[in-house]
Structures are given as structure tokens and as C-alpha cells.
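Notes follow once the structure below has been shown.
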Amino acid sequence: MDRFVSLHRHSSFSLWDGLDLTVRAADFAAKLEQPALALTDHGNVFGAIEHYRWTSDRGLKPIVGCEMYVVDSLDKESPRRHLTVLVKNRRGYENLMRLVTLGYQQQYYKPRVTFDDLEEYASGLIVLSGCPSGHVSKAIEEGDLAKAEAYFIRLLDIFGADFYAEIQHHERAKALVPYLIEFANKHRVRCVATNDAHYVEQEDRPAHDLLLKIKSGDKGEENPTYGAGFHMVTREEMRGYLAAMHPRVGSRYLESMLDETVEIAEKVDFTFERPERMLPPLWGQEPMQRLRELVFYTGRQWERRSEYLARMEEELRVIEKLGYAEYFLLTADVTSWAKSQGILIGPRGSVCGSLLAYVLGITKVDPIAHQTMFERFLHDEKKSYPDIDLDIDSRRRDEVHQYVLTSYPEYAFPIVTFGRWGAGNVANDLSTGLDLTERDRRDLREAMDDVKRARVFVAKEEDLDSYPVFLRLERLHPGIRRIVTRLYSMVRYVGRHPGGLCFVPGNHYRWFGIAKSKDEFITTGNFQDVEYCGLLKIDFLGLAAVASVAGAVERIKARLGDDIDLSAIPLDDVEVLRRFARAETDGVFQFETRGARDILRQIEPDSFAEVAAATALNRPGVSENIGAYVSGKVETRR
């Protein structure tokens, strides 16, 4: 085992400063047999849950952290300084989420917190004195040793035994380290070695240098660079770097600084806990009773009453067993409100197999009349939450979002989304950074489009071997394949997911903080993160197709005065079915594509049920049954 832990490390969530993917960092630390791995991105924790997930999967202890921006006061002139903050336990995780949230609330260009904020939320946190851009080091650099020591003592007073002097080996640290060690010895604070990693492997430095060049817009011959040693190092490498940079530090003292990285990791005791319930008790302690009232006291009469009642009782049994009553109540509430406002809304997919959803008005599909299966939507053994994605008139989606956020203000939150480097970004930015020709840019884009179509997330150099453009570019820019693989899929920007909201059953700091993007507050975890934590997410999707239908209904009303009830439109119109059979489906949602039209031509649907079958067959792994379906239809006709 390599007894060293990277306690100060940046990923691509340190936008345009850190390089590469969390999975690569976790793989590399596991390959080195290091016991743990930390993540300390600039001012944010966007990568925290992803880091926790990948690191845990590799058998490493995940250490969640942040390189926070700390100011003396919230005056605009107060300079931002860096501070390395690590989570020690569950209380510390929640406090870090609070600090990050506070940082965005107090943002001035960057999220920032004060020493008073740190003091209020210090419990459960481990803090290192910071890189050369920290308060202590900057004061040393400016020649004010009294001020530097005062900052050192302030941090010690706040964090006590969980405060460490951070010793680095980079050029800027050379003149600082003797003073940091002097303060540490004087005040009995332990020193710990970090190397401020900004990329994974030493060979990734050219990719990081190019990233910095693209960020700066510099078209000169020389790339901006941090210099050597900003990769994830081994204990041996770190020992060599420190000994060379700080030859007056004794070997025993140096070894203790390396040992301290492992001892800090051993102090960390934090795991994510899945929520006991998915939603807070918004409908009291008996949500199933409320659900039954809505179902059985609406005066609804069915022709085949016993069949419907049996189906309803079975669905309610499953829902009660899995604890999903509040989910249906929530979805019914949102759907009902939207319809009361004249907003066209409705789900698609397997939820149309639920009689309960039909009775609550969530769908308009009678599953017994259309013979759809509840088990495809929900069953006793289902591990994940049922998926009711609501399609909404795209012109009015924001109204629905606002209703949810104002109706459930402590429990509903907009979800962050991470824009990543794809084919176009890689080609365009490399074209700028390396001054590529238009032909090279176009060929590079086409090659990366192929990689994207193959659903590759972690690109490897061998994935690019077959493309002539890389053979050509390698002669001009050696190592470009590695650079491309490092940039591809990295986080490029942060924004709000267009349709996603998540719900928490209580204190959201247990799982995520709140960040800010373009004046909107969003979760610090994305859809995958929310799902990993066991939280409920609902996609309120604004669909142009739904807007087109709603707009047509409005225009008919305006011109002719006729109110169109979409649910009353007959499903057995012969001419409409003939058009489907001829694949005349321009602008028909889910039937515009070539593949969908080919299926329609083969099936030649003559009923609404066969139209539904056509869309069901247009799925990976299912489309191979088209021939059998057509043969069965021919046999039935005979």
C-alpha cells in the first residue's frame, strides 16, 4: 500500500482549472493502492457525491471537501483567500453544505464565507491552512509575519486539534514553508503534506496547460502553466519533491508530514444515509387514508365494477407496501393545479398502466380499457421510485415549476445540470488553442461525434486510433490523442436542469447544499447524485409538441368559438389510422424519425392499440420482435 493520501485535489468541477474525470482519479488512486482520496474543488461541492460514489466503488475511503474562498469581511474590497476544508463526520458534511450554501448567498464574483461563518459551522470539519493563496501564506508573502501568525492562531482557535499547517512543494511555497513550520511548532500544530493536484497523471500536464491557455484566450506560442508536480503523487514522489524544495527540513519531520495524510484519512468517518422516507408527511400521518378517500369517494361508477375494484385494491396494496402514497398525492396535486390553470399537462410511458393514476386525473388512459399492465410501472419487488415524468406545454412549464417551489418551499429544489465537453466543444476549443485548420477542426468534430454516438463517457486513446485526423495531428501536436481524451466529458459549465426538481423529506443539508447559477438557486447534486442518495426526483418537461397541440386548441377556440376536448377525440378514426399506416407522421411526437416510420409501414396499424404497439417496438432490444409481430398479425387475419 502507498501510504499517502491526496488531501488537496481539484477535478473538472473546478471549472477551467481542474482537469479530468472523477472516475479516472479514483482508478488511479486505487492503482497506487492509496487508502483514501479527497476532493477539494474551488468554492463548490458539485463533484462531492460523484466523488463519493466512484471512490467507494474502488474500495477507497472518500474524503469530501472544498477549497473555500474566505474573506475578512463581506465588503467588496475584501480579498478572497483559499482554505482547505475536509469533512470529518456527518455533522461536518452538513456544516460544509451550509457553508457552501452561505458562500453562494454572499457571492461576489465567487462564493465566499467569513471567519465568523467558519466559527459557526466548524463542528465536524478538518481544516488545513491552505495553499500559497491562503490568509496565512499571503501575509507571509507580503512580509507581515505578525498578521500571518494572527490568522494561524484564529484558525487554531476555531478548529482546535482538527487544524493543520499545510506544507506544499511548489515554487511559491519555497519561501513560506519555514515560517509555517515555525508557527506549527510554536503552537503545537501538526504539519501535513499536500501537492494541490489539478490533474491525475504526470503525463496530463500538457492537457492542463492547454486548458489554461484556452481559458485565457492566449494565442501566443507559450502555454500558461502551473509548472511540475500538480498531478496525483505517490508518497515517494512527494518525499522527493519536498526534500528537493525544502532541504533544511529533517527527514524524520518530513516523514511525519507524509504520515499525517493517512492519519487524517483515518479520522474521517462519513457515509451517506438513505432517507427513511421519500417525502415529508405533507398529508398528515395517514396518506393512504387520504388516497383511499380520493379514490372511493368521488362517486365514480364503472361498468365492470368488480374488475376495476379488484385492480384498484391490488394497486393500493403495492403502493402502501412500498410507501409511495405521498408521491401519488403530490403528482395528483401538481397535475390538478396545472389543469385548473388551463395548462396542458400529462405523463407518458408505463404510468399509463396505473388505474390509480387514471382515477386521480394524472393520466387520461383507462388501463383496463386499453389493457395496459400496472406491473410494468410498479410491482412489489421494484427497487427504484416509480417514474412519472410530466410533459407540459413548454410555454407554461415555468408556471408549474413555480407552483411546486412555492407550494413545497422547504422540500422542493431545482436540480443542477453539468454541461460537459462534447464533440463540438473539443473540436472548437482545440481549434482555437492549437490554431488548427478548418479541415482539421471538421475532421476532429466528426471523429468525436462517432465517439459520442458510441455512448463513450471515459474516452481512451485507443478509441481514436482508427481516425486519420489523429494520425495527421499527432505529427504536428504530439500527444493530442491524450489531450482529447482528457478534455472529453469534463465539466464545462454549470446550469439549472430545464425540467428537474428533487424533493427531500427534511433537512436537505444531509445530502446537498444550494448553489447559484444565473441568479437561480440550485442543488449542488445533479440527477444521478440525487438518485444515488435515494431522493425523489420528478421531471417536469416542457415539450414543444404539447405546446403545438395546446396552441392549435387555442386558435380553434379563437377563430371558430369551439372548445376542443382532447380526451373526447375518437381513437378509431379510419383516415387517421390510414395515415399512420402510410407513415405520414411529420410532427407527430415519437413518430417523426425514420425508424418509427419504418415500423409503421411494416405493421400498418388499423387500431389505436397497434399504434401503441408501434411506439413500444421502437426501442433498443425490442425492435427485433417486429417481424414476429407482423407475422402474428397476418396469421390472425387468416
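Note on naming: chains are A, B, ... as they come in the C-alpha cells, residues start from 1 per chain, ligands start from 1 in the order shown.
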May I have the residues within 12 Å of A:Pro498 as a ChimeraX atom specification, using only C-alpha atoms and disregarding those fewer than 3 positions away in the same chain?
/A:392,394,397-398,401,414-418,495,501,520,522,526-527,538-543
Report as a list of chain:residue names all protein, DNA and RNA residues lying within 8 Å of stretch 359-362 of chain A, evaluated on only C-alpha atoms, omitting residues in the same chain fewer than 3 positions from it.
A:Leu294, A:Val295, A:Thr331, A:Ala332, A:Thr335, A:Ser336, A:Gly346, A:Pro347, A:Leu355, A:Leu356
Can you pull out every residue from stretch 49-268 of chain A that DSSP, working from the backbone, puts in alpha helix (DSSP H), and format the result as a PyMOL selection string?
chain A and resi 49-57+90-105+115-120+135-141+145-159+177-186+205-216+235-245+251-267
Correct to one decimal, the distance atom CA of A:Leu464-atom CA of A:Glu446 is 11.5 Å
Find, counting only C-alpha atoms, the residue in A:Tyr327, A:Tyr121, A:Tyr104, A:Tyr308 that gets nearest to A:Gly513.
A:Tyr104
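Coordinates place atom CA of A:Glu120 at a distance of 20.8 Å from atom CA of A:Tyr108.
Atom CA of A:Lys61 is found 18.8 Å from atom CA of A:Arg510.
Residues surrounding stretch 407-412 of chain A within 7 Å are Leu501, Cys502, Phe503, Val504, Pro505 and Gly506 of chain A [only C-alpha atoms; sequence separation below 6 positions excluded].
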Would you put the residues from that selection into a file with N, CA, C and O atoms, as an mmCIF file, in the first residue's frame?
```
data_model
loop_
_atom_site.group_PDB
_atom_site.id
_atom_site.type_symbol
_atom_site.label_atom_id
_atom_site.label_comp_id
_atom_site.auth_asym_id
_atom_site.auth_seq_id
_atom_site.Cartn_x
_atom_site.Cartn_y
_atom_site.Cartn_z
ATOM 1 N N LEU A 501 -36.846 18.657 -10.782
ATOM 2 C CA LEU A 501 -36.933 19.102 -9.392
ATOM 3 C C LEU A 501 -36.725 17.888 -8.497
ATOM 4 O O LEU A 501 -37.135 16.778 -8.847
ATOM 5 N N CYS A 502 -36.081 18.084 -7.360
ATOM 6 C CA CYS A 502 -35.956 16.995 -6.407
ATOM 7 C C CYS A 502 -36.655 17.379 -5.109
ATOM 8 O O CYS A 502 -36.857 18.566 -4.822
ATOM 9 N N PHE A 503 -37.022 16.354 -4.363
ATOM 10 C CA PHE A 503 -37.753 16.555 -3.114
ATOM 11 C C PHE A 503 -37.006 15.856 -1.988
ATOM 12 O O PHE A 503 -36.473 14.763 -2.171
ATOM 13 N N VAL A 504 -36.976 16.503 -0.833
ATOM 14 C CA VAL A 504 -36.315 15.919 0.331
ATOM 15 C C VAL A 504 -37.329 15.792 1.465
ATOM 16 O O VAL A 504 -38.261 16.587 1.565
ATOM 17 N N PRO A 505 -37.149 14.802 2.342
ATOM 18 C CA PRO A 505 -38.095 14.614 3.432
ATOM 19 C C PRO A 505 -37.803 15.481 4.650
ATOM 20 O O PRO A 505 -38.519 15.416 5.638
ATOM 21 N N GLY A 506 -36.773 16.288 4.588
ATOM 22 C CA GLY A 506 -36.412 17.119 5.743
ATOM 23 C C GLY A 506 -35.230 17.999 5.403
ATOM 24 O O GLY A 506 -35.178 18.615 4.348
#
```
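Backbone DSSP over stretch 328-425 of chain A yields strand (DSSP E or B) at Ile345, Gly346, Pro347, Leu390, Asp391, Ile392, Asp393, Ala412, Phe413, Pro414, Ile415, Val416, Thr417, Phe418, Gly419 and Arg420 of chain A.
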Residues of stretch 419-505 of chain A that approach stretch 33-52 of chain A to 12 Å or less, counting only C-alpha atoms: could you list each one with the shortest pair of atoms and its distance in Å to one decimal, rows by chain and increasing residue number, as CSV?
```
residue,atom,partner,partner_atom,distance
A:Met490,CA,A:Gly47,CA,11.5
A:Val491,CA,A:Gly47,CA,9.7
A:Tyr493,CA,A:Phe46,CA,11.1
A:Val494,CA,A:Phe46,CA,8.9
A:Gly495,CA,A:Phe46,CA,11.2
```
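With distances restricted to only C-alpha atoms, A:Thr523 is the closest residue to A:His497 from A:His477, A:Phe28, A:Thr523, A:Asp562.
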Find the spatial neighbours of A:Lys174, counting only C-alpha atoms, within a cut-off of 9 Å - ignore same-chain residues fewer than 6 positions away - and output them as a PDB file with N, CA, C and O atoms, in the first residue's frame.
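Just written: part_25.pdb:
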```
ATOM      1  N   GLN A 168       3.362  22.554   1.198  1.00  0.00           N
ATOM      2  CA  GLN A 168       3.407  22.190  -0.215  1.00  0.00           C
ATOM      3  C   GLN A 168       4.814  22.340  -0.766  1.00  0.00           C
ATOM      4  O   GLN A 168       5.681  22.961  -0.153  1.00  0.00           O
ATOM      5  N   MET A 245      12.817  20.707  -2.483  1.00  0.00           N
ATOM      6  CA  MET A 245      12.387  22.090  -2.328  1.00  0.00           C
ATOM      7  C   MET A 245      12.741  22.647  -0.944  1.00  0.00           C
ATOM      8  O   MET A 245      13.022  23.832  -0.793  1.00  0.00           O
ATOM      9  N   HIS A 246      12.728  21.764   0.075  1.00  0.00           N
ATOM     10  CA  HIS A 246      12.959  22.215   1.446  1.00  0.00           C
ATOM     11  C   HIS A 246      14.060  21.356   2.102  1.00  0.00           C
ATOM     12  O   HIS A 246      13.804  20.553   2.998  1.00  0.00           O
TER      13      HIS A 246
END
```
Do you know which residues are at most 9 Å from A:Leu86 counting only C-alpha atoms, after dropping those on the same chain fewer than 4 positions away, and could you put them as a PyMOL selection string?
chain A and resi 7+38-40+63-67+92-93+96+124-128+268
Put those residues in a file: all heavy atoms, as a compact mmCIF listing (two decimals), in the first residue's frame.
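The new file part20.txt reads:
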```txt
# COMPACT_ATOMS: atom_id res chain seq x y z
N LEU A 7 -4.91 14.99 -0.21
CA LEU A 7 -5.91 15.71 0.58
C LEU A 7 -6.31 17.04 -0.04
O LEU A 7 -7.27 17.68 0.42
CB LEU A 7 -5.37 15.97 1.99
CG LEU A 7 -5.13 14.73 2.86
CD1 LEU A 7 -4.51 15.15 4.19
CD2 LEU A 7 -6.41 13.95 3.08
N ALA A 38 -9.27 12.51 -1.54
CA ALA A 38 -10.08 13.69 -1.23
C ALA A 38 -10.41 14.46 -2.50
O ALA A 38 -9.76 14.31 -3.53
CB ALA A 38 -9.34 14.59 -0.25
N LEU A 39 -11.43 15.30 -2.40
CA LEU A 39 -11.79 16.23 -3.47
C LEU A 39 -12.03 17.59 -2.83
O LEU A 39 -12.85 17.72 -1.91
CB LEU A 39 -13.05 15.77 -4.20
CG LEU A 39 -13.52 16.70 -5.34
CD1 LEU A 39 -12.48 16.74 -6.45
CD2 LEU A 39 -14.88 16.26 -5.88
N THR A 40 -11.33 18.61 -3.32
CA THR A 40 -11.45 19.96 -2.76
C THR A 40 -11.53 20.97 -3.89
O THR A 40 -10.58 21.71 -4.14
CB THR A 40 -10.25 20.28 -1.85
OG1 THR A 40 -9.02 20.10 -2.59
CG2 THR A 40 -10.22 19.39 -0.62
N ILE A 63 -13.06 11.18 0.81
CA ILE A 63 -12.98 12.35 1.68
C ILE A 63 -13.56 13.52 0.91
O ILE A 63 -13.02 13.93 -0.12
CB ILE A 63 -11.54 12.64 2.12
CG1 ILE A 63 -10.93 11.42 2.81
CG2 ILE A 63 -11.50 13.85 3.04
CD1 ILE A 63 -9.46 11.58 3.16
N VAL A 64 -14.68 14.04 1.40
CA VAL A 64 -15.37 15.15 0.75
C VAL A 64 -14.83 16.45 1.31
O VAL A 64 -14.64 16.59 2.53
CB VAL A 64 -16.89 15.06 0.97
CG1 VAL A 64 -17.60 16.28 0.39
CG2 VAL A 64 -17.44 13.77 0.37
N GLY A 65 -14.57 17.41 0.44
CA GLY A 65 -14.05 18.68 0.91
C GLY A 65 -14.29 19.80 -0.07
O GLY A 65 -15.04 19.66 -1.05
N CYS A 66 -13.65 20.93 0.20
CA CYS A 66 -13.80 22.11 -0.65
C CYS A 66 -12.65 23.06 -0.35
O CYS A 66 -12.24 23.20 0.81
CB CYS A 66 -15.14 22.80 -0.34
SG CYS A 66 -15.45 24.31 -1.28
N GLU A 67 -12.10 23.66 -1.38
CA GLU A 67 -11.16 24.77 -1.17
C GLU A 67 -12.00 26.04 -1.15
O GLU A 67 -12.39 26.56 -2.20
CB GLU A 67 -10.09 24.82 -2.25
CG GLU A 67 -9.04 25.89 -1.95
CD GLU A 67 -7.84 25.81 -2.89
OE1 GLU A 67 -8.00 25.44 -4.06
OE2 GLU A 67 -6.73 26.12 -2.43
N GLY A 92 -20.00 17.30 10.14
CA GLY A 92 -19.13 18.10 9.30
C GLY A 92 -19.65 18.22 7.87
O GLY A 92 -19.54 19.29 7.24
N TYR A 93 -20.22 17.12 7.35
CA TYR A 93 -20.77 17.18 5.99
C TYR A 93 -21.90 18.20 5.91
O TYR A 93 -21.94 19.04 5.00
CB TYR A 93 -21.28 15.80 5.56
CG TYR A 93 -21.81 15.78 4.14
CD1 TYR A 93 -20.93 15.62 3.06
CD2 TYR A 93 -23.15 15.95 3.87
CE1 TYR A 93 -21.40 15.62 1.76
CE2 TYR A 93 -23.64 15.95 2.57
CZ TYR A 93 -22.75 15.78 1.52
OH TYR A 93 -23.23 15.80 0.22
N LEU A 96 -20.44 21.65 6.07
CA LEU A 96 -19.84 22.06 4.81
C LEU A 96 -20.91 22.48 3.82
O LEU A 96 -20.76 23.48 3.10
CB LEU A 96 -18.98 20.93 4.23
CG LEU A 96 -18.32 21.24 2.88
CD1 LEU A 96 -17.38 22.45 3.00
CD2 LEU A 96 -17.57 20.03 2.35
N GLY A 124 -17.15 19.18 13.21
CA GLY A 124 -17.07 18.06 12.27
C GLY A 124 -16.23 18.32 11.05
O GLY A 124 -16.23 17.52 10.11
N LEU A 125 -15.47 19.42 11.05
CA LEU A 125 -14.63 19.75 9.89
C LEU A 125 -13.16 19.67 10.25
O LEU A 125 -12.76 19.97 11.38
CB LEU A 125 -14.96 21.15 9.38
CG LEU A 125 -16.35 21.36 8.80
CD1 LEU A 125 -16.57 22.83 8.44
CD2 LEU A 125 -16.57 20.47 7.57
N ILE A 126 -12.35 19.23 9.28
CA ILE A 126 -10.89 19.26 9.37
C ILE A 126 -10.41 20.35 8.42
O ILE A 126 -10.86 20.42 7.27
CB ILE A 126 -10.29 17.91 8.96
CG1 ILE A 126 -10.76 16.80 9.91
CG2 ILE A 126 -8.77 17.97 8.91
CD1 ILE A 126 -10.43 15.40 9.43
N VAL A 127 -9.52 21.22 8.90
CA VAL A 127 -9.09 22.36 8.08
C VAL A 127 -7.57 22.41 8.01
O VAL A 127 -6.88 22.27 9.01
CB VAL A 127 -9.66 23.67 8.66
CG1 VAL A 127 -8.96 24.88 8.05
CG2 VAL A 127 -11.15 23.76 8.40
N LEU A 128 -7.08 22.60 6.77
CA LEU A 128 -5.65 22.81 6.53
C LEU A 128 -5.45 24.29 6.24
O LEU A 128 -6.32 24.95 5.68
CB LEU A 128 -5.17 21.96 5.36
CG LEU A 128 -5.69 20.52 5.26
CD1 LEU A 128 -5.01 19.80 4.10
CD2 LEU A 128 -5.49 19.77 6.56
N VAL A 268 -11.48 10.37 9.34
CA VAL A 268 -12.73 10.62 8.61
C VAL A 268 -13.68 9.44 8.80
O VAL A 268 -13.31 8.29 8.59
CB VAL A 268 -12.45 10.85 7.11
CG1 VAL A 268 -13.75 10.92 6.32
CG2 VAL A 268 -11.62 12.12 6.92
```
Which one of A:Lys186, A:Lys76, A:Arg205, A:Arg305 sits closest to A:Arg112 if you count only C-alpha atoms?
A:Lys76
Non-local contacts of A:Leu473 (12 Å; only C-alpha atoms; under 2 positions in same chain excluded) as a list in words
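In the requested form, the answer reads Leu430, Ser431, Leu434, Asp435, Leu436, Thr437, Arg439, Asp440, Arg441, Asp443, Leu444, Leu464, Asp465, Tyr467, Pro468, Val469, Phe470, Leu471, Arg475, Leu476, His477, Pro478, Gly479, Ile480, Arg481, Arg482, Ile483 and Val484 of chain A.
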Using only C-alpha atoms, which of A:Glu399, A:Tyr324, A:Gln285, A:Glu276 sits nearest A:Ala338?
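Nearest to A:Ala338: A:Glu399.
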Could you list, as a list in words, every residue within 7 Å of A:Val70, counting only C-alpha atoms and ignoring same-chain residues fewer than 6 positions away?
Arg80, Arg81, His82, Leu83, Arg112, Val113 and Thr114 of chain A
